[in-house]
>>> print(open('entry.pdb').read())   # PDB, C-alpha atoms, pLDDT in the B column
ATOM      1  CA  MET P   1      35.175  -4.225   9.498  1.00 45.00           C
ATOM      2  CA  LYS P   2      34.632  -7.510  11.351  1.00 49.00           C
ATOM      3  CA  LYS P   3      33.065  -5.631  14.270  1.00 45.00           C
ATOM      4  CA  PHE P   4      30.746  -3.775  11.888  1.00 39.00           C
ATOM      5  CA  CYS P   5      29.627  -7.036  10.237  1.00 41.00           C
ATOM      6  CA  LEU P   6      29.079  -8.623  13.657  1.00 44.00           C
ATOM      7  CA  LEU P   7      27.011  -5.599  14.714  1.00 39.00           C
ATOM      8  CA  LEU P   8      24.859  -5.850  11.585  1.00 39.00           C
ATOM      9  CA  PHE P   9      24.390  -9.564  12.109  1.00 43.00           C
ATOM     10  CA  CYS P  10      23.299  -8.995  15.722  1.00 43.00           C
ATOM     11  CA  LEU P  11      21.020  -6.159  14.686  1.00 40.00           C
ATOM     12  CA  PHE P  12      19.178  -8.168  12.051  1.00 40.00           C
ATOM     13  CA  MET P  13      19.267 -11.681  13.491  1.00 39.00           C
ATOM     14  CA  GLY P  14      20.062 -11.607  17.151  1.00 36.00           C
ATOM     15  CA  MET P  15      17.531  -9.096  18.473  1.00 37.00           C
ATOM     16  CA  GLY P  16      14.144 -10.033  19.850  1.00 38.00           C
ATOM     17  CA  ALA P  17      11.380 -10.216  17.298  1.00 41.00           C
ATOM     18  CA  PHE P  18       9.305  -7.093  16.706  1.00 51.00           C
ATOM     19  CA  ALA P  19       6.181  -9.079  15.951  1.00 60.00           C
ATOM     20  CA  GLN P  20       5.329 -12.474  17.330  1.00 79.00           C
ATOM     21  CA  GLN P  21       3.904 -15.409  15.429  1.00 86.00           C
ATOM     22  CA  GLY P  22       0.102 -15.253  15.311  1.00 88.00           C
ATOM     23  CA  GLU P  23      -0.106 -11.521  16.054  1.00 93.00           C
ATOM     24  CA  LYS P  24      -2.996  -9.810  14.217  1.00 97.00           C
ATOM     25  CA  SER P  25      -3.883  -6.155  13.699  1.00 97.00           C
ATOM     26  CA  LEU P  26      -6.312  -3.980  11.729  1.00 98.00           C
ATOM     27  CA  GLY P  27      -5.375  -0.604  10.293  1.00 98.00           C
ATOM     28  CA  LEU P  28      -6.028   2.377   8.049  1.00 98.00           C
ATOM     29  CA  ASN P  29      -3.638   4.293   5.787  1.00 98.00           C
ATOM     30  CA  LEU P  30      -3.818   7.634   4.018  1.00 98.00           C
ATOM     31  CA  LEU P  31      -2.335   7.180   0.537  1.00 98.00           C
ATOM     32  CA  TYR P  32      -0.908   9.356  -2.197  1.00 97.00           C
ATOM     33  CA  GLY P  33      -0.505   7.827  -5.661  1.00 93.00           C
ATOM     34  CA  ASN P  34       1.502   9.843  -8.166  1.00 90.00           C
ATOM     35  CA  ASP P  35      -0.976   8.934 -10.944  1.00 80.00           C
ATOM     36  CA  THR P  36      -4.240   8.648  -9.020  1.00 79.00           C
ATOM     37  CA  ASN P  37      -4.050  11.274  -6.242  1.00 87.00           C
ATOM     38  CA  ILE P  38      -5.305  10.754  -2.663  1.00 97.00           C
ATOM     39  CA  GLY P  39      -6.672   7.470  -1.320  1.00 97.00           C
ATOM     40  CA  LEU P  40      -7.500   5.412   1.753  1.00 98.00           C
ATOM     41  CA  SER P  41      -6.531   1.865   2.621  1.00 98.00           C
ATOM     42  CA  ALA P  42      -7.995  -0.682   5.048  1.00 98.00           C
ATOM     43  CA  LYS P  43      -5.614  -3.484   5.956  1.00 98.00           C
ATOM     44  CA  MET P  44      -5.189  -6.512   8.180  1.00 98.00           C
ATOM     45  CA  ARG P  45      -1.806  -7.826   9.266  1.00 97.00           C
ATOM     46  CA  TYR P  46      -1.096 -11.381  10.357  1.00 98.00           C
ATOM     47  CA  SER P  47       2.345 -12.558  11.524  1.00 96.00           C
ATOM     48  CA  ILE P  48       3.005 -15.983  10.019  1.00 96.00           C
ATOM     49  CA  THR P  49       6.307 -16.225  11.925  1.00 95.00           C
ATOM     50  CA  ASP P  50       8.317 -13.748  13.995  1.00 92.00           C
ATOM     51  CA  LYS P  51       9.860 -12.371  10.781  1.00 96.00           C
ATOM     52  CA  TRP P  52       7.209 -12.930   8.080  1.00 97.00           C
ATOM     53  CA  ARG P  53       3.745 -11.397   7.933  1.00 97.00           C
ATOM     54  CA  VAL P  54       1.017 -11.130   5.331  1.00 98.00           C
ATOM     55  CA  GLU P  55      -1.065  -7.989   4.814  1.00 98.00           C
ATOM     56  CA  PRO P  56      -4.290  -8.190   2.781  1.00 98.00           C
ATOM     57  CA  ALA P  57      -5.534  -4.696   1.936  1.00 98.00           C
ATOM     58  CA  PHE P  58      -8.244  -2.794   0.077  1.00 98.00           C
ATOM     59  CA  GLU P  59      -7.171   0.585  -1.354  1.00 98.00           C
ATOM     60  CA  TYR P  60      -9.436   3.226  -2.874  1.00 97.00           C
ATOM     61  CA  PHE P  61      -8.139   6.299  -4.728  1.00 95.00           C
ATOM     62  CA  PHE P  62     -10.629   9.173  -4.984  1.00 94.00           C
ATOM     63  CA  LYS P  63     -11.672  10.636  -8.329  1.00 89.00           C
ATOM     64  CA  HIS P  64      -9.082  12.960  -9.841  1.00 86.00           C
ATOM     65  CA  ASP P  65      -9.244  14.246 -13.424  1.00 83.00           C
ATOM     66  CA  TYR P  66     -12.324  12.054 -14.050  1.00 82.00           C
ATOM     67  CA  PHE P  67     -10.503   8.889 -12.944  1.00 85.00           C
ATOM     68  CA  SER P  68     -10.856   6.750  -9.793  1.00 90.00           C
ATOM     69  CA  MET P  69      -9.218   3.457  -8.913  1.00 93.00           C
ATOM     70  CA  TRP P  70      -9.330   0.702  -6.311  1.00 96.00           C
ATOM     71  CA  ASP P  71      -7.276  -2.384  -5.704  1.00 96.00           C
ATOM     72  CA  LEU P  72      -7.561  -5.522  -3.634  1.00 98.00           C
ATOM     73  CA  GLY P  73      -4.405  -7.432  -2.847  1.00 97.00           C
ATOM     74  CA  ALA P  74      -2.001  -8.950  -0.365  1.00 98.00           C
ATOM     75  CA  ASN P  75       1.617  -8.116   0.421  1.00 98.00           C
ATOM     76  CA  LEU P  76       4.215 -10.229   2.162  1.00 98.00           C
ATOM     77  CA  HIS P  77       6.536  -8.388   4.624  1.00 98.00           C
ATOM     78  CA  TYR P  78       9.899  -9.525   5.988  1.00 98.00           C
ATOM     79  CA  VAL P  79      10.088  -7.669   9.324  1.00 97.00           C
ATOM     80  CA  ILE P  80      13.574  -6.515  10.388  1.00 97.00           C
ATOM     81  CA  PRO P  81      13.674  -5.099  13.934  1.00 96.00           C
ATOM     82  CA  ALA P  82      15.953  -2.059  14.333  1.00 96.00           C
ATOM     83  CA  THR P  83      15.087  -1.365  18.001  1.00 96.00           C
ATOM     84  CA  GLU P  84      12.428  -2.599  20.398  1.00 93.00           C
ATOM     85  CA  THR P  85       9.922  -0.112  18.941  1.00 96.00           C
ATOM     86  CA  ILE P  86      11.094   0.413  15.338  1.00 98.00           C
ATOM     87  CA  SER P  87      11.205  -2.083  12.474  1.00 97.00           C
ATOM     88  CA  VAL P  88      11.610  -1.891   8.706  1.00 98.00           C
ATOM     89  CA  TYR P  89      10.376  -4.296   6.049  1.00 98.00           C
ATOM     90  CA  PRO P  90      10.665  -4.926   2.336  1.00 98.00           C
ATOM     91  CA  LEU P  91       7.369  -5.946   0.744  1.00 98.00           C
ATOM     92  CA  ALA P  92       6.183  -7.802  -2.327  1.00 98.00           C
ATOM     93  CA  GLY P  93       2.668  -8.745  -3.339  1.00 98.00           C
ATOM     94  CA  LEU P  94      -0.083  -9.261  -5.885  1.00 98.00           C
ATOM     95  CA  ALA P  95      -3.183  -7.151  -6.446  1.00 97.00           C
ATOM     96  CA  TYR P  96      -6.189  -6.753  -8.705  1.00 97.00           C
ATOM     97  CA  PHE P  97      -6.532  -3.132  -9.885  1.00 95.00           C
ATOM     98  CA  ARG P  98      -9.753  -1.614 -11.232  1.00 94.00           C
ATOM     99  CA  GLY P  99     -10.035   1.880 -12.690  1.00 90.00           C
ATOM    100  CA  THR P 100     -13.029   3.922 -13.843  1.00 89.00           C
ATOM    101  CA  ALA P 101     -13.093   6.994 -16.072  1.00 85.00           C
ATOM    102  CA  ASP P 102     -16.246   9.024 -15.312  1.00 80.00           C
ATOM    103  CA  LEU P 103     -16.841  11.087 -18.422  1.00 76.00           C
ATOM    104  CA  SER P 104     -20.435  12.130 -17.630  1.00 71.00           C
ATOM    105  CA  GLU P 105     -19.388  15.717 -16.811  1.00 67.00           C
ATOM    106  CA  LEU P 106     -17.567  16.053 -20.133  1.00 66.00           C
ATOM    107  CA  SER P 107     -20.315  14.312 -22.097  1.00 65.00           C
ATOM    108  CA  GLU P 108     -22.677  17.320 -22.020  1.00 65.00           C
ATOM    109  CA  TYR P 109     -19.931  19.633 -23.264  1.00 62.00           C
ATOM    110  CA  PHE P 110     -18.999  17.356 -26.154  1.00 63.00           C
ATOM    111  CA  LYS P 111     -22.647  16.695 -26.988  1.00 61.00           C
ATOM    112  CA  ASP P 112     -23.553  20.405 -27.105  1.00 61.00           C
ATOM    113  CA  PHE P 113     -20.559  21.555 -29.140  1.00 63.00           C
ATOM    114  CA  PHE P 114     -19.516  18.559 -31.202  1.00 67.00           C
ATOM    115  CA  GLY P 115     -22.566  16.293 -31.262  1.00 64.00           C
ATOM    116  CA  LEU P 116     -20.572  13.479 -29.649  1.00 65.00           C
ATOM    117  CA  GLU P 117     -21.616  11.401 -26.659  1.00 66.00           C
ATOM    118  CA  LEU P 118     -18.915  10.091 -24.344  1.00 66.00           C
ATOM    119  CA  GLU P 119     -19.359   6.923 -22.345  1.00 73.00           C
ATOM    120  CA  ASN P 120     -17.810   5.932 -19.046  1.00 79.00           C
ATOM    121  CA  ALA P 121     -15.062   3.366 -19.256  1.00 81.00           C
ATOM    122  CA  SER P 122     -13.633   0.934 -16.740  1.00 88.00           C
ATOM    123  CA  GLY P 123     -11.278  -2.007 -16.672  1.00 90.00           C
ATOM    124  CA  GLY P 124      -9.244  -4.202 -14.407  1.00 94.00           C
ATOM    125  CA  LYS P 125      -5.802  -5.794 -14.385  1.00 95.00           C
ATOM    126  CA  VAL P 126      -3.641  -7.919 -12.136  1.00 97.00           C
ATOM    127  CA  GLY P 127      -0.344  -6.375 -11.049  1.00 96.00           C
ATOM    128  CA  PHE P 128       2.470  -6.471  -8.529  1.00 97.00           C
ATOM    129  CA  ASN P 129       3.518  -4.391  -5.516  1.00 97.00           C
ATOM    130  CA  LEU P 130       7.191  -3.887  -4.598  1.00 98.00           C
ATOM    131  CA  GLY P 131       8.313  -1.556  -1.839  1.00 98.00           C
ATOM    132  CA  VAL P 132       9.602  -0.839   1.624  1.00 98.00           C
ATOM    133  CA  GLY P 133       8.041   0.277   4.888  1.00 98.00           C
ATOM    134  CA  GLY P 134       8.674   1.039   8.516  1.00 98.00           C
ATOM    135  CA  ASP P 135       6.731   0.617  11.752  1.00 98.00           C
ATOM    136  CA  PHE P 136       6.928   2.521  15.025  1.00 98.00           C
ATOM    137  CA  ARG P 137       5.283   0.626  17.863  1.00 96.00           C
ATOM    138  CA  LEU P 138       3.472   2.608  20.556  1.00 95.00           C
ATOM    139  CA  LYS P 139       1.351   1.355  23.440  1.00 93.00           C
ATOM    140  CA  GLY P 140      -1.831   0.015  21.879  1.00 93.00           C
ATOM    141  CA  CYS P 141      -1.041   0.809  18.208  1.00 96.00           C
ATOM    142  CA  THR P 142       1.620   0.861  15.519  1.00 97.00           C
ATOM    143  CA  LEU P 143       2.344   3.830  13.235  1.00 98.00           C
ATOM    144  CA  SER P 144       3.495   2.959   9.715  1.00 98.00           C
ATOM    145  CA  LEU P 145       5.140   4.646   6.724  1.00 98.00           C
ATOM    146  CA  GLU P 146       5.333   2.845   3.392  1.00 98.00           C
ATOM    147  CA  ALA P 147       6.394   3.441  -0.202  1.00 98.00           C
ATOM    148  CA  LYS P 148       5.670   0.957  -2.971  1.00 98.00           C
ATOM    149  CA  PHE P 149       5.598   0.702  -6.720  1.00 97.00           C
ATOM    150  CA  GLN P 150       2.402  -0.688  -8.189  1.00 95.00           C
ATOM    151  CA  LEU P 151       3.498  -2.426 -11.377  1.00 95.00           C
ATOM    152  CA  ILE P 152       0.491  -2.629 -13.689  1.00 91.00           C
ATOM    153  CA  ASP P 153       0.609  -3.366 -17.407  1.00 88.00           C
ATOM    154  CA  GLY P 154       0.040  -0.012 -19.103  1.00 79.00           C
ATOM    155  CA  GLY P 155       0.532   2.270 -16.083  1.00 81.00           C
ATOM    156  CA  ASN P 156       2.806   1.951 -13.058  1.00 91.00           C
ATOM    157  CA  GLN P 157       2.599   4.278 -10.087  1.00 93.00           C
ATOM    158  CA  LEU P 158       4.402   5.099  -6.862  1.00 96.00           C
ATOM    159  CA  VAL P 159       2.185   5.009  -3.756  1.00 97.00           C
ATOM    160  CA  VAL P 160       3.262   6.551  -0.456  1.00 98.00           C
ATOM    161  CA  GLY P 161       1.210   5.809   2.642  1.00 98.00           C
ATOM    162  CA  ALA P 162       1.072   6.694   6.330  1.00 98.00           C
ATOM    163  CA  GLY P 163      -1.236   5.106   8.850  1.00 98.00           C
ATOM    164  CA  PHE P 164      -1.783   3.080  11.959  1.00 97.00           C
ATOM    165  CA  SER P 165      -2.834  -0.405  13.016  1.00 97.00           C
ATOM    166  CA  ILE P 166      -4.319  -1.722  16.252  1.00 97.00           C
ATOM    167  CA  PRO P 167      -3.633  -5.286  17.457  1.00 95.00           C
ATOM    168  CA  PHE P 168      -6.496  -7.559  18.403  1.00 92.00           C
TER     169      PHE P 168
END
>>> encode(input="entry.pdb", output="structure tokens")
Amino acid sequence: MKKFCLLLFCLFMGMGAFAQQGEKSLGLNLLYGNDTNIGLSAKMRYSITDKWRVEPAFEYFFKHDYFSMWDLGANLHYVIPATETISVYPLAGLAYFRGTADLSELSEYFKDFFGLELENASGGKVGFNLGVGGDFRLKGCTLSLEAKFQLIDGGNQLVVGAGFSIPF
């Protein structure tokens, strides 16, 4: 058991850092939200230290069942190197979420049959992101997989993403 604990300690603390302080990258992710369908994300990563990095991101979820959503936020990652090319990270962050219900297609139907006119609706809320991710470093880019819960008052969702980032 002592050897196992020593191995874990060396794995998480004693290995060289996966990212170096001041490292920056830009990236894109393909997203799937269990409530909002398919989306895209543009992100920038900045390594504050060898272990901590911040990731501001803009995410847009395409219209599905008359509803579309976008969010703008930032997540904080604690990068844990597993090998020289693979790392994992827990994440936590804040975001502003904005959703729009486009009822214009339904409005004609309701107007013709029921005499009712429907209006589009939209609203925004601040929420939290909690999740986990992993990076696989290649020459010239990093591939990423991520799963996070978006905790929003009145409607949480799980978002799974896959993408890449390029250092600059």
>>> closest_residue(input="entry.pdb", among="P:Ser25, P:Ser144, P:Gln20, P:Ser47", to="Ile166 in chain P", atoms="all atoms listed in the file")
P:Ser25
>>> resolve_selection(input="entry.pdb", expression="the PyMOL selection byres ((chain P and resi 44) around 9)", output="list in words")
Lys24, Ser25, Leu26, Gly27, Leu28, Ala42, Lys43, Arg45, Tyr46, Val54, Glu55, Pro56, Ala57 and Ser165 of chain P
>>> resolve_selection(input="entry.pdb", expression="the PyMOL selection byres ((chain P and resi 76) around 6)", output="PyMOL selection string")
chain P and resi 53-54+75+77+91-93
>>> closest_residue(input="entry.pdb", among="P:Ala147, P:Leu30, P:Ile38, P:Ala101", to="Val88 in chain P", atoms="all atoms listed in the file")
P:Ala147
>>> residues_around(input="entry.pdb", residues="range 153-158 of chain P", least_positions_apart="2", cutoff="10 Å", atoms="all atoms listed in the file", output="ChimeraX atom specification")
/P:32-36,125-131,147-151,160
>>> residues_near_point(input="entry.pdb", point="(-13.2, 10.3, -13.3)", cutoff="8 Å", atoms="all atoms listed in the file", output="ChimeraX atom specification")
/P:63-68,100-103
>>> closest_residue(input="entry.pdb", among="P:Val79, P:Ala74, P:Ala95, P:Leu40", to="Asp135 in chain P", atoms="all atoms listed in the file")
P:Val79
>>> atom_distance(input="entry.pdb", atom1="CA of Ser41 in chain P", atom2="CA of Tyr78 in chain P")
20.3 Å
>>> residues_around(input="entry.pdb", residues="Arg137 in chain P", least_positions_apart="6", cutoff="9 Å", atoms="only C-alpha atoms", output="list in words")
Phe18, Glu84, Thr85, Ile86, Ser87, Leu143 and Ser144 of chain P
>>> atom_distance(input="entry.pdb", atom1="CA of Gly123 in chain P", atom2="CA of Asn29 in chain P")
24.5 Å
>>> atom_distance(input="entry.pdb", atom1="CA of Tyr89 in chain P", atom2="CA of Gly163 in chain P")
15.2 Å
>>> closest_residue(input="entry.pdb", among="P:Glu119, P:Ile80, P:Gly22, P:Phe97", to="Val132 in chain P", atoms="all atoms listed in the file")
P:Ile80
>>> decode(input="entry.pdb", residues="range 38-75 of chain P", atoms="N, CA and C atoms", output="PDB file, in the first residue's frame")
ATOM      1  N   ILE P  38     -26.821  19.976 -30.448  1.00  0.00           N
ATOM      2  CA  ILE P  38     -25.455  20.139 -30.941  1.00  0.00           C
ATOM      3  C   ILE P  38     -25.022  21.607 -30.859  1.00  0.00           C
ATOM      4  N   GLY P  39     -23.728  21.821 -30.553  1.00  0.00           N
ATOM      5  CA  GLY P  39     -23.207  23.172 -30.487  1.00  0.00           C
ATOM      6  C   GLY P  39     -21.737  23.233 -30.829  1.00  0.00           C
ATOM      7  N   LEU P  40     -21.230  24.447 -30.908  1.00  0.00           N
ATOM      8  CA  LEU P  40     -19.811  24.717 -31.154  1.00  0.00           C
ATOM      9  C   LEU P  40     -19.295  25.642 -30.067  1.00  0.00           C
ATOM     10  N   SER P  41     -18.008  25.516 -29.783  1.00  0.00           N
ATOM     11  CA  SER P  41     -17.385  26.349 -28.762  1.00  0.00           C
ATOM     12  C   SER P  41     -16.064  26.890 -29.286  1.00  0.00           C
ATOM     13  N   ALA P  42     -15.802  28.166 -29.032  1.00  0.00           N
ATOM     14  CA  ALA P  42     -14.497  28.779 -29.285  1.00  0.00           C
ATOM     15  C   ALA P  42     -13.908  29.102 -27.916  1.00  0.00           C
ATOM     16  N   LYS P  43     -12.638  28.735 -27.723  1.00  0.00           N
ATOM     17  CA  LYS P  43     -12.043  28.892 -26.403  1.00  0.00           C
ATOM     18  C   LYS P  43     -10.609  29.390 -26.509  1.00  0.00           C
ATOM     19  N   MET P  44     -10.139  29.969 -25.413  1.00  0.00           N
ATOM     20  CA  MET P  44      -8.740  30.347 -25.276  1.00  0.00           C
ATOM     21  C   MET P  44      -8.259  29.823 -23.930  1.00  0.00           C
ATOM     22  N   ARG P  45      -7.099  29.205 -23.926  1.00  0.00           N
ATOM     23  CA  ARG P  45      -6.525  28.697 -22.683  1.00  0.00           C
ATOM     24  C   ARG P  45      -5.284  29.509 -22.333  1.00  0.00           C
ATOM     25  N   TYR P  46      -5.143  29.790 -21.035  1.00  0.00           N
ATOM     26  CA  TYR P  46      -3.953  30.484 -20.559  1.00  0.00           C
ATOM     27  C   TYR P  46      -3.508  29.815 -19.264  1.00  0.00           C
ATOM     28  N   SER P  47      -2.258  29.348 -19.229  1.00  0.00           N
ATOM     29  CA  SER P  47      -1.710  28.686 -18.044  1.00  0.00           C
ATOM     30  C   SER P  47      -1.193  29.734 -17.064  1.00  0.00           C
ATOM     31  N   ILE P  48      -1.886  29.867 -15.945  1.00  0.00           N
ATOM     32  CA  ILE P  48      -1.505  30.809 -14.900  1.00  0.00           C
ATOM     33  C   ILE P  48      -0.229  30.323 -14.214  1.00  0.00           C
ATOM     34  N   THR P  49      -0.201  29.029 -13.899  1.00  0.00           N
ATOM     35  CA  THR P  49       0.982  28.353 -13.359  1.00  0.00           C
ATOM     36  C   THR P  49       1.126  27.050 -14.137  1.00  0.00           C
ATOM     37  N   ASP P  50       2.074  26.206 -13.718  1.00  0.00           N
ATOM     38  CA  ASP P  50       2.229  24.909 -14.382  1.00  0.00           C
ATOM     39  C   ASP P  50       1.025  24.003 -14.157  1.00  0.00           C
ATOM     40  N   LYS P  51       0.288  24.206 -13.094  1.00  0.00           N
ATOM     41  CA  LYS P  51      -0.863  23.348 -12.765  1.00  0.00           C
ATOM     42  C   LYS P  51      -2.225  24.000 -13.019  1.00  0.00           C
ATOM     43  N   TRP P  52      -2.304  25.322 -12.925  1.00  0.00           N
ATOM     44  CA  TRP P  52      -3.590  26.017 -13.043  1.00  0.00           C
ATOM     45  C   TRP P  52      -3.683  26.758 -14.366  1.00  0.00           C
ATOM     46  N   ARG P  53      -4.840  26.643 -15.020  1.00  0.00           N
ATOM     47  CA  ARG P  53      -5.078  27.432 -16.230  1.00  0.00           C
ATOM     48  C   ARG P  53      -6.525  27.902 -16.244  1.00  0.00           C
ATOM     49  N   VAL P  54      -6.738  29.001 -16.940  1.00  0.00           N
ATOM     50  CA  VAL P  54      -8.072  29.570 -17.097  1.00  0.00           C
ATOM     51  C   VAL P  54      -8.462  29.414 -18.562  1.00  0.00           C
ATOM     52  N   GLU P  55      -9.760  29.163 -18.790  1.00  0.00           N
ATOM     53  CA  GLU P  55     -10.255  28.953 -20.151  1.00  0.00           C
ATOM     54  C   GLU P  55     -11.547  29.742 -20.374  1.00  0.00           C
ATOM     55  N   PRO P  56     -11.444  30.982 -20.890  1.00  0.00           N
ATOM     56  CA  PRO P  56     -12.657  31.680 -21.320  1.00  0.00           C
ATOM     57  C   PRO P  56     -13.185  31.016 -22.591  1.00  0.00           C
ATOM     58  N   ALA P  57     -14.513  30.946 -22.718  1.00  0.00           N
ATOM     59  CA  ALA P  57     -15.099  30.275 -23.877  1.00  0.00           C
ATOM     60  C   ALA P  57     -16.451  30.880 -24.232  1.00  0.00           C
ATOM     61  N   PHE P  58     -16.769  30.817 -25.521  1.00  0.00           N
ATOM     62  CA  PHE P  58     -18.099  31.159 -26.029  1.00  0.00           C
ATOM     63  C   PHE P  58     -18.672  29.894 -26.640  1.00  0.00           C
ATOM     64  N   GLU P  59     -19.871  29.495 -26.193  1.00  0.00           N
ATOM     65  CA  GLU P  59     -20.526  28.283 -26.700  1.00  0.00           C
ATOM     66  C   GLU P  59     -21.869  28.659 -27.323  1.00  0.00           C
ATOM     67  N   TYR P  60     -22.151  28.067 -28.476  1.00  0.00           N
ATOM     68  CA  TYR P  60     -23.433  28.291 -29.142  1.00  0.00           C
ATOM     69  C   TYR P  60     -24.059  26.941 -29.456  1.00  0.00           C
ATOM     70  N   PHE P  61     -25.308  26.747 -29.018  1.00  0.00           N
ATOM     71  CA  PHE P  61     -26.063  25.530 -29.295  1.00  0.00           C
ATOM     72  C   PHE P  61     -27.119  25.850 -30.352  1.00  0.00           C
ATOM     73  N   PHE P  62     -27.096  25.105 -31.451  1.00  0.00           N
ATOM     74  CA  PHE P  62     -27.991  25.347 -32.577  1.00  0.00           C
ATOM     75  C   PHE P  62     -29.443  25.074 -32.210  1.00  0.00           C
ATOM     76  N   LYS P  63     -30.347  25.694 -32.967  1.00  0.00           N
ATOM     77  CA  LYS P  63     -31.779  25.577 -32.698  1.00  0.00           C
ATOM     78  C   LYS P  63     -32.232  24.122 -32.784  1.00  0.00           C
ATOM     79  N   HIS P  64     -32.960  23.713 -31.765  1.00  0.00           N
ATOM     80  CA  HIS P  64     -33.526  22.367 -31.681  1.00  0.00           C
ATOM     81  C   HIS P  64     -34.862  22.497 -30.959  1.00  0.00           C
ATOM     82  N   ASP P  65     -35.920  21.998 -31.577  1.00  0.00           N
ATOM     83  CA  ASP P  65     -37.268  22.132 -30.999  1.00  0.00           C
ATOM     84  C   ASP P  65     -37.574  23.586 -30.659  1.00  0.00           C
ATOM     85  N   TYR P  66     -37.270  24.492 -31.586  1.00  0.00           N
ATOM     86  CA  TYR P  66     -37.575  25.919 -31.496  1.00  0.00           C
ATOM     87  C   TYR P  66     -36.742  26.663 -30.454  1.00  0.00           C
ATOM     88  N   PHE P  67     -35.705  26.033 -29.924  1.00  0.00           N
ATOM     89  CA  PHE P  67     -34.915  26.649 -28.859  1.00  0.00           C
ATOM     90  C   PHE P  67     -33.434  26.659 -29.218  1.00  0.00           C
ATOM     91  N   SER P  68     -32.771  27.805 -29.043  1.00  0.00           N
ATOM     92  CA  SER P  68     -31.317  27.902 -29.193  1.00  0.00           C
ATOM     93  C   SER P  68     -30.753  28.564 -27.937  1.00  0.00           C
ATOM     94  N   MET P  69     -29.452  28.351 -27.711  1.00  0.00           N
ATOM     95  CA  MET P  69     -28.843  28.883 -26.506  1.00  0.00           C
ATOM     96  C   MET P  69     -27.378  29.201 -26.764  1.00  0.00           C
ATOM     97  N   TRP P  70     -26.865  30.208 -26.072  1.00  0.00           N
ATOM     98  CA  TRP P  70     -25.429  30.474 -26.069  1.00  0.00           C
ATOM     99  C   TRP P  70     -25.009  30.813 -24.656  1.00  0.00           C
ATOM    100  N   ASP P  71     -23.718  30.643 -24.399  1.00  0.00           N
ATOM    101  CA  ASP P  71     -23.195  31.059 -23.107  1.00  0.00           C
ATOM    102  C   ASP P  71     -21.784  31.602 -23.268  1.00  0.00           C
ATOM    103  N   LEU P  72     -21.446  32.496 -22.376  1.00  0.00           N
ATOM    104  CA  LEU P  72     -20.133  33.116 -22.327  1.00  0.00           C
ATOM    105  C   LEU P  72     -19.631  32.961 -20.905  1.00  0.00           C
ATOM    106  N   GLY P  73     -18.462  32.319 -20.750  1.00  0.00           N
ATOM    107  CA  GLY P  73     -17.988  32.082 -19.401  1.00  0.00           C
ATOM    108  C   GLY P  73     -16.503  31.789 -19.351  1.00  0.00           C
ATOM    109  N   ALA P  74     -16.057  31.416 -18.165  1.00  0.00           N
ATOM    110  CA  ALA P  74     -14.657  31.056 -17.954  1.00  0.00           C
ATOM    111  C   ALA P  74     -14.591  29.926 -16.937  1.00  0.00           C
ATOM    112  N   ASN P  75     -13.756  28.932 -17.247  1.00  0.00           N
ATOM    113  CA  ASN P  75     -13.538  27.802 -16.355  1.00  0.00           C
ATOM    114  C   ASN P  75     -12.097  27.807 -15.876  1.00  0.00           C
TER     115      ASN P  75
END
